[in-house]
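Structure data (mmCIF, C-alpha atoms and all ligand atoms) from start27.cif:
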```
data_query
loop_
_atom_site.label_atom_id
_atom_site.label_comp_id
_atom_site.auth_asym_id
_atom_site.auth_seq_id
_atom_site.Cartn_x
_atom_site.Cartn_y
_atom_site.Cartn_z
CA MET F 1 193.03 99.16 178.85
CA TYR F 2 192.31 95.48 179.51
CA ASP F 3 189.03 95.11 181.38
CA PRO F 4 188.50 91.56 182.72
CA LYS F 5 184.80 92.27 183.31
CA ILE F 6 184.15 92.76 179.61
CA GLU F 7 185.94 89.55 178.78
CA SER F 8 184.07 87.26 181.16
CA HIS F 9 182.21 84.88 178.86
CA GLU F 10 179.94 83.84 181.70
CA SER F 11 178.70 87.29 182.72
CA TYR F 12 175.29 86.24 181.40
CA LEU F 13 174.98 84.25 184.63
CA ASN F 14 174.46 87.57 186.46
CA HIS F 15 171.45 88.68 184.48
CA PRO F 16 168.39 89.04 186.78
CA LEU F 17 166.06 87.35 184.29
CA PHE F 18 168.33 84.32 184.04
CA ILE F 19 168.88 84.23 187.82
CA ASN F 20 165.07 84.23 188.21
CA ALA F 21 164.74 81.37 185.74
CA LEU F 22 167.46 79.31 187.45
CA GLN F 23 165.77 79.77 190.81
CA LEU F 24 162.47 78.58 189.30
CA ILE F 25 164.19 75.51 187.85
CA ASP F 26 165.68 74.66 191.26
CA GLU F 27 162.34 75.08 193.00
CA ALA F 28 160.51 73.03 190.37
CA GLY F 29 163.16 70.34 190.74
CA GLN F 30 162.39 70.14 194.44
CA LEU F 31 158.64 70.16 193.83
CA ILE F 32 158.74 67.11 191.56
CA ASN F 33 161.72 65.53 193.26
CA ALA F 34 163.77 65.68 190.07
CA ASP F 35 167.09 64.01 189.38
CA PRO F 36 169.84 66.53 190.37
CA ASN F 37 171.87 65.57 187.29
CA ILE F 38 169.01 66.66 185.07
CA ILE F 39 168.57 69.92 186.97
CA ALA F 40 172.30 70.67 186.62
CA ARG F 41 172.07 70.21 182.84
CA LEU F 42 168.94 72.36 182.55
CA LYS F 43 170.70 75.25 184.24
CA ARG F 44 173.13 75.94 181.40
CA PRO F 45 172.52 76.83 177.76
CA LYS F 46 173.67 74.19 175.29
CA ARG F 47 175.12 76.66 172.79
CA ILE F 48 175.60 80.42 172.47
CA ILE F 49 176.25 82.03 169.10
CA VAL F 50 177.56 85.62 169.01
CA VAL F 51 177.89 87.34 165.65
CA SER F 52 178.99 90.77 164.44
CA VAL F 53 176.46 92.34 162.14
CA PRO F 54 177.93 95.15 160.00
CA VAL F 55 175.32 97.39 158.42
CA ARG F 56 175.77 100.21 155.91
CA MET F 57 173.59 102.93 157.40
CA ASP F 58 171.73 105.50 155.27
CA ASP F 59 174.57 108.01 155.79
CA GLN F 60 176.93 105.43 154.16
CA LYS F 61 178.83 104.80 157.41
CA VAL F 62 179.14 101.16 158.51
CA LYS F 63 177.88 100.38 162.01
CA VAL F 64 178.63 97.03 163.64
CA PHE F 65 175.91 95.54 165.86
CA SER F 66 176.22 92.52 168.16
CA GLY F 67 173.78 89.70 167.43
CA TYR F 68 173.02 86.75 169.69
CA ARG F 69 171.30 83.41 169.20
CA VAL F 70 171.10 81.20 172.26
CA GLN F 71 170.27 77.55 171.62
CA TYR F 72 169.32 76.58 175.13
CA ASN F 73 168.10 73.00 174.83
CA SER F 74 167.10 70.62 172.03
CA THR F 75 165.97 67.50 173.88
CA LEU F 76 162.38 67.77 172.67
CA GLY F 77 163.08 69.00 169.12
CA PRO F 78 164.59 71.87 167.12
CA TYR F 79 165.38 75.11 168.96
CA LYS F 80 162.48 77.54 168.80
CA GLY F 81 162.02 81.14 169.89
CA GLY F 82 161.87 84.72 168.73
CA ILE F 83 164.42 87.33 167.71
CA ARG F 84 164.31 90.59 169.65
CA TYR F 85 165.50 94.02 168.47
CA HIS F 86 165.75 96.35 171.45
CA GLN F 87 168.24 98.87 172.77
CA ASP F 88 168.54 97.03 176.11
CA VAL F 89 169.28 93.55 174.66
CA THR F 90 172.25 91.83 176.33
CA LEU F 91 173.53 88.29 176.09
CA GLY F 92 172.26 87.70 179.66
CA GLU F 93 168.76 88.73 178.71
CA VAL F 94 168.76 86.48 175.64
CA VAL F 95 170.01 83.51 177.70
CA GLY F 96 167.22 84.13 180.24
CA LEU F 97 164.61 84.37 177.49
CA ALA F 98 165.95 81.24 175.75
CA CYS F 99 165.67 79.35 179.03
CA LEU F 100 162.06 80.53 179.39
CA MET F 101 161.39 79.33 175.81
CA MET F 102 162.64 75.86 176.74
CA LEU F 103 160.32 75.82 179.75
CA LYS F 104 157.43 77.22 177.66
CA ASN F 105 157.74 74.74 174.79
CA SER F 106 157.95 71.88 177.25
CA VAL F 107 154.93 72.83 179.38
CA LEU F 108 152.86 73.41 176.22
CA GLY F 109 153.70 69.92 174.97
CA LEU F 110 155.29 71.19 171.73
CA PRO F 111 158.00 69.18 169.89
CA TYR F 112 160.58 71.95 170.36
CA GLY F 113 163.62 72.85 172.40
CA GLY F 114 164.22 76.43 173.49
CA GLY F 115 166.07 79.25 171.78
CA LYS F 116 166.08 83.02 171.54
CA GLY F 117 167.91 85.69 169.59
CA GLY F 118 168.51 89.37 169.91
CA VAL F 119 170.30 92.40 168.60
CA CYS F 120 171.13 95.40 170.76
CA VAL F 121 169.59 98.14 168.61
CA ASP F 122 166.75 100.62 168.90
CA PRO F 123 164.52 99.55 165.99
CA GLN F 124 162.63 102.88 166.10
CA ARG F 125 165.81 104.63 165.03
CA LEU F 126 166.44 102.43 162.00
CA SER F 127 165.05 103.27 158.58
CA ARG F 128 163.27 100.44 156.74
CA ASN F 129 166.35 100.04 154.58
CA GLU F 130 168.69 99.79 157.58
CA LYS F 131 166.40 97.31 159.31
CA GLN F 132 166.34 95.16 156.19
CA SER F 133 170.16 95.21 155.85
CA LEU F 134 170.57 94.35 159.54
CA THR F 135 168.11 91.46 159.30
CA ARG F 136 169.60 90.01 156.12
CA ARG F 137 173.18 90.13 157.42
CA LEU F 138 172.11 88.67 160.78
CA THR F 139 170.36 85.82 158.95
CA SER F 140 173.39 85.21 156.79
CA GLU F 141 175.67 85.08 159.86
CA LEU F 142 173.29 82.67 161.61
CA GLY F 143 172.85 80.65 158.40
CA PRO F 144 174.84 77.55 159.42
CA PHE F 145 172.99 77.26 162.73
CA ILE F 146 169.32 77.77 161.76
CA GLY F 147 166.96 75.85 159.48
CA PRO F 148 163.57 74.10 159.54
CA THR F 149 164.96 71.06 161.34
CA LYS F 150 167.57 72.90 163.45
CA ASP F 151 166.44 76.22 164.86
CA ILE F 152 163.34 78.19 163.85
CA PRO F 153 163.27 81.91 164.76
CA ALA F 154 160.09 84.01 165.01
CA PRO F 155 159.13 87.61 165.82
CA ASP F 156 159.59 89.06 169.28
CA MET F 157 159.80 92.63 170.55
CA GLY F 158 160.93 95.00 167.75
CA THR F 159 160.56 92.41 164.97
CA ASP F 160 157.48 91.49 162.92
CA ALA F 161 156.15 89.61 159.89
CA GLN F 162 158.20 91.77 157.48
CA THR F 163 161.38 90.98 159.45
CA MET F 164 160.56 87.27 159.12
CA ALA F 165 159.94 87.69 155.37
CA TRP F 166 163.47 89.11 154.99
CA MET F 167 164.90 86.27 157.09
CA MET F 168 163.05 83.64 155.06
CA ASP F 169 164.17 85.23 151.79
CA THR F 170 167.84 85.54 152.79
CA TYR F 171 168.03 81.97 154.07
CA SER F 172 166.21 80.67 150.96
CA GLN F 173 168.43 82.65 148.57
CA GLU F 174 171.53 81.22 150.21
CA GLN F 175 170.14 77.66 150.06
CA GLY F 176 169.00 78.11 146.46
CA PHE F 177 165.33 77.24 146.98
CA ALA F 178 162.34 78.43 149.04
CA GLN F 179 162.51 77.33 152.66
CA PRO F 180 159.41 78.77 154.35
CA GLY F 181 159.83 76.54 157.42
CA VAL F 182 163.03 78.31 158.56
CA VAL F 183 161.06 81.00 160.42
CA THR F 184 157.49 81.43 161.68
CA GLY F 185 155.40 84.56 162.03
CA LYS F 186 155.81 85.22 158.29
CA PRO F 187 153.22 87.02 156.17
CA VAL F 188 150.47 84.64 154.99
CA GLU F 189 151.48 85.18 151.34
CA ILE F 190 154.82 83.40 151.84
CA GLY F 191 153.76 80.51 154.07
CA GLY F 192 152.62 82.30 157.20
CA SER F 193 149.65 81.02 159.16
CA LEU F 194 146.26 82.63 159.50
CA GLY F 195 145.78 83.76 163.07
CA ARG F 196 149.52 84.02 163.90
CA LEU F 197 149.52 87.81 164.28
CA GLY F 198 146.95 87.94 167.07
CA SER F 199 147.76 84.52 168.51
CA THR F 200 149.74 85.57 171.60
CA GLY F 201 147.03 88.05 172.60
CA LEU F 202 144.31 85.47 171.94
CA GLY F 203 146.15 82.89 174.05
CA VAL F 204 146.38 85.42 176.89
CA ILE F 205 142.60 85.84 176.75
CA TYR F 206 141.90 82.07 176.57
CA VAL F 207 144.03 81.65 179.71
CA THR F 208 142.33 84.61 181.42
CA GLU F 209 138.91 83.04 180.71
CA ARG F 210 140.05 79.68 182.07
CA LEU F 211 141.55 81.19 185.23
CA LEU F 212 138.33 83.12 185.87
CA GLU F 213 136.23 80.03 185.14
CA LYS F 214 138.21 78.04 187.73
CA ASN F 215 137.18 80.77 190.18
CA GLY F 216 133.53 80.63 189.14
CA LEU F 217 133.73 83.89 187.15
CA LYS F 218 133.20 85.05 183.55
CA LEU F 219 135.35 87.52 181.63
CA ALA F 220 132.33 89.59 180.53
CA GLY F 221 131.90 92.54 182.88
CA GLN F 222 135.34 92.19 184.53
CA ARG F 223 137.63 95.21 184.71
CA VAL F 224 140.82 94.60 182.73
CA VAL F 225 144.04 96.66 182.70
CA VAL F 226 146.62 96.10 179.96
CA GLN F 227 150.23 97.20 180.24
CA GLY F 228 151.94 97.38 176.84
CA PHE F 229 150.16 98.18 173.58
CA GLY F 230 152.40 96.30 171.15
CA ASN F 231 151.33 93.16 169.31
CA VAL F 232 150.47 91.20 172.47
CA GLY F 233 148.83 93.95 174.55
CA SER F 234 146.77 95.49 171.75
CA HIS F 235 145.36 92.13 170.63
CA ALA F 236 144.68 91.04 174.23
CA ALA F 237 142.83 94.33 174.85
CA LEU F 238 140.76 93.85 171.68
CA TYR F 239 139.81 90.23 172.42
CA ALA F 240 138.92 91.12 176.05
CA TYR F 241 136.76 93.98 174.77
CA GLU F 242 135.05 91.73 172.20
CA ARG F 243 134.15 89.32 175.01
CA GLY F 244 132.42 92.05 177.00
CA ALA F 245 135.19 92.86 179.49
CA ARG F 246 135.59 96.49 180.60
CA VAL F 247 139.13 97.46 179.54
CA ILE F 248 139.64 100.43 181.88
CA ALA F 249 143.28 101.25 181.12
CA VAL F 250 146.06 100.56 178.64
CA SER F 251 149.59 101.91 178.26
CA ASP F 252 152.66 101.94 176.04
CA VAL F 253 156.27 102.90 176.89
CA HIS F 254 155.34 106.58 177.12
CA GLY F 255 152.47 106.14 179.63
CA GLY F 256 148.85 105.11 179.85
CA ILE F 257 145.23 106.21 179.63
CA PHE F 258 142.36 105.40 182.00
CA CYS F 259 138.58 105.44 181.63
CA GLY F 260 136.48 103.89 184.42
CA ASP F 261 133.57 103.11 182.07
CA GLY F 262 135.85 101.16 179.75
CA LEU F 263 137.82 102.23 176.67
CA PRO F 264 136.37 101.78 173.14
CA ILE F 265 139.25 99.52 172.05
CA PRO F 266 138.53 99.27 168.27
CA LYS F 267 138.38 103.09 168.07
CA LEU F 268 141.50 103.38 170.20
CA LEU F 269 143.36 100.94 167.90
CA ASP F 270 142.52 103.09 164.87
CA TYR F 271 143.69 106.17 166.75
CA TYR F 272 146.92 104.46 167.85
CA ASN F 273 147.70 103.20 164.36
CA GLN F 274 147.29 106.71 162.98
CA ASN F 275 149.02 108.69 165.73
CA LYS F 276 151.51 106.08 167.05
CA SER F 277 150.59 107.36 170.51
CA LEU F 278 147.84 106.98 173.13
CA LYS F 279 148.17 110.64 174.08
CA GLY F 280 145.37 112.94 173.01
CA PHE F 281 142.67 110.23 172.86
CA GLU F 282 139.32 111.74 173.84
CA ARG F 283 137.58 111.48 177.25
CA VAL F 284 140.34 109.68 179.16
CA THR F 285 142.68 110.46 182.05
CA GLU F 286 146.39 110.18 181.34
CA ILE F 287 148.30 108.07 183.87
CA SER F 288 151.86 106.79 184.27
CA ASN F 289 152.82 103.13 183.89
CA GLU F 290 153.36 102.87 187.67
CA GLU F 291 149.86 104.27 188.31
CA LEU F 292 148.43 101.83 185.78
CA LEU F 293 149.97 98.82 187.54
CA ALA F 294 148.48 99.98 190.85
CA LEU F 295 144.91 100.45 189.55
CA ASP F 296 141.97 98.81 191.30
CA THR F 297 141.04 96.13 188.75
CA ASP F 298 139.91 92.53 188.50
CA VAL F 299 142.46 91.47 185.89
CA LEU F 300 145.90 92.88 185.10
CA LEU F 301 147.67 91.86 181.89
CA PRO F 302 151.36 92.88 181.88
CA CYS F 303 152.23 92.59 178.18
CA ALA F 304 155.43 94.64 177.92
CA LEU F 305 158.95 94.03 179.20
CA GLU F 306 160.34 91.73 181.90
CA GLY F 307 160.70 92.73 185.56
CA VAL F 308 158.03 95.47 185.62
CA ILE F 309 156.46 94.13 188.84
CA HIS F 310 159.19 93.78 191.44
CA SER F 311 159.86 93.90 195.19
CA GLN F 312 159.55 97.71 195.30
CA ASN F 313 156.14 98.08 193.64
CA CYS F 314 154.41 94.73 194.27
CA LYS F 315 152.77 96.08 197.43
CA ASN F 316 150.82 98.56 195.30
CA ILE F 317 149.17 95.90 193.14
CA ARG F 318 145.39 95.73 193.63
CA ALA F 319 144.46 93.29 190.84
CA LYS F 320 142.92 89.96 191.85
CA PHE F 321 144.19 88.08 188.81
CA ILE F 322 147.34 88.64 186.76
CA VAL F 323 147.92 86.95 183.41
CA GLU F 324 151.47 87.39 182.11
CA GLY F 325 151.40 88.38 178.44
CA ALA F 326 155.08 89.35 178.53
CA ASN F 327 158.03 87.08 179.29
CA GLY F 328 159.09 87.39 182.94
CA PRO F 329 157.14 90.56 183.87
CA ILE F 330 157.04 89.64 187.60
CA THR F 331 160.19 88.90 189.60
CA ASN F 332 160.20 85.78 191.77
CA GLU F 333 160.18 87.83 194.97
CA ALA F 334 157.16 89.86 193.83
CA SER F 335 155.44 86.71 192.60
CA LYS F 336 155.79 85.03 196.01
CA TYR F 337 154.54 88.14 197.81
CA LEU F 338 151.48 88.36 195.56
CA PHE F 339 150.70 84.65 195.99
CA GLU F 340 150.74 85.10 199.80
CA LYS F 341 148.36 88.04 199.35
CA GLY F 342 145.94 85.81 197.43
CA VAL F 343 146.57 87.19 193.94
CA GLN F 344 146.35 84.43 191.31
CA ILE F 345 148.97 84.66 188.59
CA ALA F 346 148.78 82.73 185.32
CA PRO F 347 152.48 82.38 184.48
CA ASP F 348 154.11 83.55 181.25
CA ILE F 349 155.25 80.14 180.05
CA ILE F 350 151.60 79.17 179.60
CA ALA F 351 149.80 82.52 179.36
CA ASN F 352 151.83 83.95 176.47
CA GLY F 353 152.31 80.60 174.75
CA GLY F 354 149.71 81.37 172.06
CA GLY F 355 152.42 82.82 169.81
CA VAL F 356 154.65 79.79 169.78
CA ILE F 357 151.67 77.42 169.58
CA VAL F 358 150.50 79.03 166.33
CA SER F 359 154.16 79.18 165.22
CA TYR F 360 154.11 75.41 165.60
CA PHE F 361 150.98 75.21 163.43
CA GLU F 362 152.67 77.45 160.86
CA TRP F 363 155.74 75.22 160.74
CA VAL F 364 153.60 72.08 160.38
CA GLN F 365 151.57 73.73 157.58
CA ASP F 366 154.80 74.76 155.79
CA ILE F 367 156.18 71.22 155.99
CA MET F 368 152.93 69.75 154.63
CA SER F 369 152.25 72.63 152.21
CA PHE F 370 148.65 72.29 153.35
CA PHE F 371 147.00 75.25 155.04
CA TRP F 372 144.20 75.39 157.59
CA ASP F 373 141.46 77.98 158.11
CA GLU F 374 141.54 80.45 160.98
CA GLY F 375 138.67 78.84 162.85
CA ASP F 376 140.57 75.54 163.01
CA ILE F 377 143.74 77.29 164.13
CA ASN F 378 142.08 79.21 166.96
CA GLN F 379 140.26 76.11 168.15
CA LYS F 380 143.47 74.04 168.20
CA LEU F 381 145.26 76.91 169.97
CA ARG F 382 142.59 76.93 172.66
CA THR F 383 142.79 73.15 173.14
CA ILE F 384 146.58 73.19 173.66
CA ILE F 385 146.79 76.25 175.90
CA VAL F 386 143.83 75.24 178.10
CA GLN F 387 145.24 71.72 178.44
CA ALA F 388 148.58 73.13 179.66
CA PHE F 389 146.80 75.49 182.04
CA ASP F 390 144.69 72.68 183.48
CA LYS F 391 147.75 70.49 184.06
CA ALA F 392 149.40 73.31 186.02
CA TRP F 393 146.14 74.08 187.86
CA ASN F 394 145.76 70.46 188.95
CA LEU F 395 149.37 70.19 190.14
CA ALA F 396 149.01 73.50 192.01
CA GLN F 397 145.93 72.12 193.81
CA GLU F 398 147.62 68.82 194.58
CA LYS F 399 150.87 70.33 195.93
CA LYS F 400 149.27 73.51 197.34
CA VAL F 401 151.65 75.79 195.44
CA ASP F 402 151.18 78.76 193.13
CA LEU F 403 150.49 78.31 189.42
CA ARG F 404 153.99 79.37 188.39
CA SER F 405 155.68 76.69 190.50
CA ALA F 406 153.20 74.12 189.20
CA ALA F 407 153.74 75.12 185.55
CA MET F 408 157.49 74.85 186.06
CA GLY F 409 157.00 71.45 187.68
CA VAL F 410 154.99 70.15 184.68
CA SER F 411 157.61 71.56 182.30
CA ILE F 412 160.63 70.11 184.11
CA ALA F 413 158.92 66.72 184.49
CA ARG F 414 158.46 66.42 180.71
CA LEU F 415 162.04 67.50 180.00
CA GLN F 416 163.35 65.11 182.62
CA LYS F 417 161.51 62.12 181.12
CA ALA F 418 162.85 62.87 177.66
CA MET F 419 166.40 63.50 178.88
CA LEU F 420 166.49 60.28 180.85
CA LEU F 421 165.22 58.34 177.84
CA ARG F 422 167.81 59.91 175.52
CA GLY F 423 170.60 59.64 178.11
CA LEU F 424 173.93 61.43 178.24
CA TYR F 425 176.21 61.17 175.21
CA PRO F 426 179.09 60.33 175.40
CA ARG F 427 178.49 58.44 178.62
N1 LIG G 1 158.65 85.48 170.65
C1 LIG G 1 157.52 84.69 171.00
C2 LIG G 1 157.67 84.15 172.40
O1 LIG G 1 158.38 84.71 173.22
C3 LIG G 1 157.20 83.63 169.97
C4 LIG G 1 158.27 82.62 169.74
C5 LIG G 1 157.97 81.67 168.57
O2 LIG G 1 156.90 81.74 167.99
O3 LIG G 1 158.86 80.90 168.26
O4 LIG G 1 157.06 83.18 172.78
#
```

Could you rewrite the structure in this file as structure tokens?
Ligand code: GLU
Amino acid sequence: MYDPKIESHESYLNHPLFINALQLIDEAGQLINADPNIIARLKRPKRIIVVSVPVRMDDQKVKVFSGYRVQYNSTLGPYKGGIRYHQDVTLGEVVGLACLMMLKNSVLGLPYGGGKGGVCVDPQRLSRNEKQSLTRRLTSELGPFIGPTKDIPAPDMGTDAQTMAWMMDTYSQEQGFAQPGVVTGKPVEIGGSLGRLGSTGLGVIYVTERLLEKNGLKLAGQRVVVQGFGNVGSHAALYAYERGARVIAVSDVHGGIFCGDGLPIPKLLDYYNQNKSLKGFERVTEISNEELLALDTDVLLPCALEGVIHSQNCKNIRAKFIVEGANGPITNEASKYLFEKGVQIAPDIIANGGGVIVSYFEWVQDIMSFFWDEGDINQKLRTIIVQAFDKAWNLAQEKKVDLRSAAMGVSIARLQKAMLLRGLYPR
């Protein structure tokens, strides 16, 4: 039967993550007194690409997945953003994430627009072979729309360096020559950058240190709680531990573990890599993700999915500082409530920008075919992320608003300047 709801090509407008982002754009527009014409343009994605991705599964049956690439804005440069494989991916989510990428690239001062991609699939249930076929066909379908000067994908949830290697190879095979600059987050052997793997987690820790420093505090000795033990959370936990913080709890999708004296993170990482689970680790208390978020801690690092801190559970939060490792982990309503309560939140578009910053370095290195050492990369990462944080901090002080509003204000101001200079075509 005909179902008009399925057909609506604008149902992405109802996605909570995108609604949150639009509200932030409106508020930032008011904060910096932006041109309403610019705000109207920033509230819609420039281009949405939807592709069917047929994959021959290991049982020889063909399954057809839906793939999305949202090219949100290209005023500042080529589209840039990750590709997500997750069972809950929808077009609305990808539009929301692409919008956040635009805001992130702008506030960080990178020469990129915003984009994001996704496939609705549970990557845990794919064999390596199936994942490779899915990735190669997706890349082939997106072929006309991506490229080193057009749109540069990268890893996100459910994708990694191997996924990027397959994307780079497929795109290069179809072009007839090696094109390492088409994706970032590749293995080092094929044009990846040193430091890219841990870069988002490292950026989270640089921002945490800066936020604490602004409050006259040091990271060493602080209690830190990390939600999410994927690439971002596990690296953030490790770098916090290495700097003398007491990481008292971590979690993954199945739940968390707590130890008041601090967890031995390097040992825990070995255990997790072997067992693919936090469960069974010695001398800890098992807790749920909800209990973890409500722990008495100095710093909370939500490094998993969006919307985990919302109007229902924000009253339970006891952290003094929150640094958003994930994209959109706190809803606007919860964010406002926490600000009123005195909780300082370093917003995602700066706090988790380490990944795309080192992606930028990778892309530059690929173009030049000249590679830097890891020390240089980490130092340059710190300079860019701290500079963006300081800009937001200063605007927040000047306008007496929270850091998220200020970061959005800085981001929208840069986009506005560039859009006014480029103008509207055709007029
Ligand atoms: N997926 C990451 C993010 O959300 C990295 C994007 C990139 O490196 O292009 O920022």

Each side padded by 6 Å, which centre and which edge lengths in Å (one decimal) define the axis-aligned box around the listed atoms of range 162-181 of chain F? Give them as JSON.
```
{"center_x": 164.9, "center_y": 84.2, "center_z": 153.0, "size_x": 25.3, "size_y": 27.2, "size_z": 25.0}
```

Practice task
May I ask you to write as a PyMOL selection string all residues lying at most 6 Å from ligand LIG 1 (chain G), with all atoms listed in the file counted?
Solution key: chain F and resi 80-82+153-156+353+355-356+359

Practice task
Extract, using only C-alpha atoms, all DNA, RNA and protein residues at most 10 Å from range 200-203 of chain F, discarding same-chain residues fewer than 4 positions from it, and format them as a PyMOL selection string.
Solution key: chain F and resi 195-196+207-209+230-240+303+325-326+350-358+378+381-382+384-386

Output C-alpha atoms of each residue in that selection to a file, as an mmCIF file, in the frame of the given file.
```cif
data_model
loop_
_atom_site.group_PDB
_atom_site.id
_atom_site.type_symbol
_atom_site.label_atom_id
_atom_site.label_comp_id
_atom_site.auth_asym_id
_atom_site.auth_seq_id
_atom_site.Cartn_x
_atom_site.Cartn_y
_atom_site.Cartn_z
ATOM 1 C CA GLY F 195 145.780 83.760 163.070
ATOM 2 C CA ARG F 196 149.520 84.020 163.900
ATOM 3 C CA VAL F 207 144.030 81.650 179.710
ATOM 4 C CA THR F 208 142.330 84.610 181.420
ATOM 5 C CA GLU F 209 138.910 83.040 180.710
ATOM 6 C CA GLY F 230 152.400 96.300 171.150
ATOM 7 C CA ASN F 231 151.330 93.160 169.310
ATOM 8 C CA VAL F 232 150.470 91.200 172.470
ATOM 9 C CA GLY F 233 148.830 93.950 174.550
ATOM 10 C CA SER F 234 146.770 95.490 171.750
ATOM 11 C CA HIS F 235 145.360 92.130 170.630
ATOM 12 C CA ALA F 236 144.680 91.040 174.230
ATOM 13 C CA ALA F 237 142.830 94.330 174.850
ATOM 14 C CA LEU F 238 140.760 93.850 171.680
ATOM 15 C CA TYR F 239 139.810 90.230 172.420
ATOM 16 C CA ALA F 240 138.920 91.120 176.050
ATOM 17 C CA CYS F 303 152.230 92.590 178.180
ATOM 18 C CA GLY F 325 151.400 88.380 178.440
ATOM 19 C CA ALA F 326 155.080 89.350 178.530
ATOM 20 C CA ILE F 350 151.600 79.170 179.600
ATOM 21 C CA ALA F 351 149.800 82.520 179.360
ATOM 22 C CA ASN F 352 151.830 83.950 176.470
ATOM 23 C CA GLY F 353 152.310 80.600 174.750
ATOM 24 C CA GLY F 354 149.710 81.370 172.060
ATOM 25 C CA GLY F 355 152.420 82.820 169.810
ATOM 26 C CA VAL F 356 154.650 79.790 169.780
ATOM 27 C CA ILE F 357 151.670 77.420 169.580
ATOM 28 C CA VAL F 358 150.500 79.030 166.330
ATOM 29 C CA ASN F 378 142.080 79.210 166.960
ATOM 30 C CA LEU F 381 145.260 76.910 169.970
ATOM 31 C CA ARG F 382 142.590 76.930 172.660
ATOM 32 C CA ILE F 384 146.580 73.190 173.660
ATOM 33 C CA ILE F 385 146.790 76.250 175.900
ATOM 34 C CA VAL F 386 143.830 75.240 178.100
#
```

Exercise for the section: Using only C-alpha atoms, find all polymer residues with an atom at most 7 Å away from the point (163.7, 75.9, 176.7); report them as a PyMOL selection string. Expected result: chain F and resi 72-73+98-105+113-115

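Residues in contact with Pro123 in chain F at up to 12 Å, not including ones fewer than 5 positions away on its chain and judged by only C-alpha atoms, are Arg84, Tyr85, His86, Gln87, Asp88, Val89, Gly118, Arg128, Asn129, Glu130, Lys131, Gln132, Leu134, Thr135, Met157, Gly158, Thr159, Asp160 and Thr163 of chain F.
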
Practice task
Go ahead and compute the interatomic distance for CA of Val253 in chain F and CA of Ser335 in chain F, in Å to one decimal.
Solution key: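 Computing the Euclidean distance for CA of Val253 in chain F and CA of Ser335 in chain F yields 22.6 Å.
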
Practice task
Find the distance between CA of Ile83 in chain F and CA of Gly117 in chain F and write it in Å to one decimal.
Solution key: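 For CA of Ile83 in chain F relative to CA of Gly117 in chain F, the distance reads 4.3 Å.
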
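Every protein, DNA or RNA residue with an atom at most 8 Å from Pro187 in chain F, where all atoms listed in the file count and chain neighbours fewer than 6 positions away do not, is listed here: Ala161, Gln162, Met164, Ala165 and Ser193 of chain F.
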
Exercise for the section: May I ask which of the residues F:Lys46, F:Ile345, F:Ala407, F:Ile38 is the closest one to Leu420 in chain F, counting all atoms listed in the file? Expected result: F:Ile38

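Distance check against Ile19 in chain F using all atoms listed in the file: of F:Glu174, F:Glu340, F:Asp270, F:Glu93, the minimum falls on F:Glu93.
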
Exercise for the section: Using only C-alpha atoms, give me every residue within 12 Å of (174.9, 80.8, 160.3) in file coordinates, as a PyMOL selection string. Expected result: chain F and resi 49-53+67-69+136-147+150-151+167+170-171+174-175

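Counting all atoms listed in the file, Val225 in chain F has the following residues at most 9 Å away, ignoring those fewer than 3 positions along the same chain: Ala237, Arg246, Val247, Ile248, Ala249, Val250, Ser251, Phe258, Leu292, Leu293, Leu295, Thr297, Asp298, Val299, Leu300, Leu301, Pro302 and Ala319 of chain F.
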
Problem - Of the listed residues F:Ser106, F:Ser74, F:Arg56, F:Gly256, that which approaches Arg41 in chain F most closely, counting only C-alpha atoms - result: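 Using only C-alpha atoms, Arg41 in chain F sits closest to F:Ser74.
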
Exercise for the section: Find the distance between CA of Gly96 in chain F and CA of Leu24 in chain F and write it in Å to one decimal. Expected result: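 We find that CA of Gly96 in chain F and CA of Leu24 in chain F lie 11.6 Å from each other.
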
Practice task
Using only C-alpha atoms, pick whichever of F:Ala34, F:Ala304, F:Val183, F:Leu197 has the shortest atom-to-atom distance to Lys417 in chain F.
Solution key: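 With only C-alpha atoms as the atom set, the closest residue is F:Ala34.
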
Practice task
Could you check which of F:Leu219, F:Ala418, F:Met168, F:Ile367 is closest to Tyr112 in chain F, using all atoms listed in the file?
Solution key: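 Smallest separation from Tyr112 in chain F among the options: F:Ala418.
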
Problem - Non-local contacts of Arg283 in chain F (10 Å; all atoms listed in the file; under 6 positions in same chain excluded) as a count of residues only - result: 4

Exercise for the section: Return the single residue from F:Ser133, F:Thr383, F:Ser405, F:Gln222 that is closest to Gly29 in chain F, with distances computed using all atoms listed in the file. Expected result: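 Nearest to Gly29 in chain F: F:Ser405.
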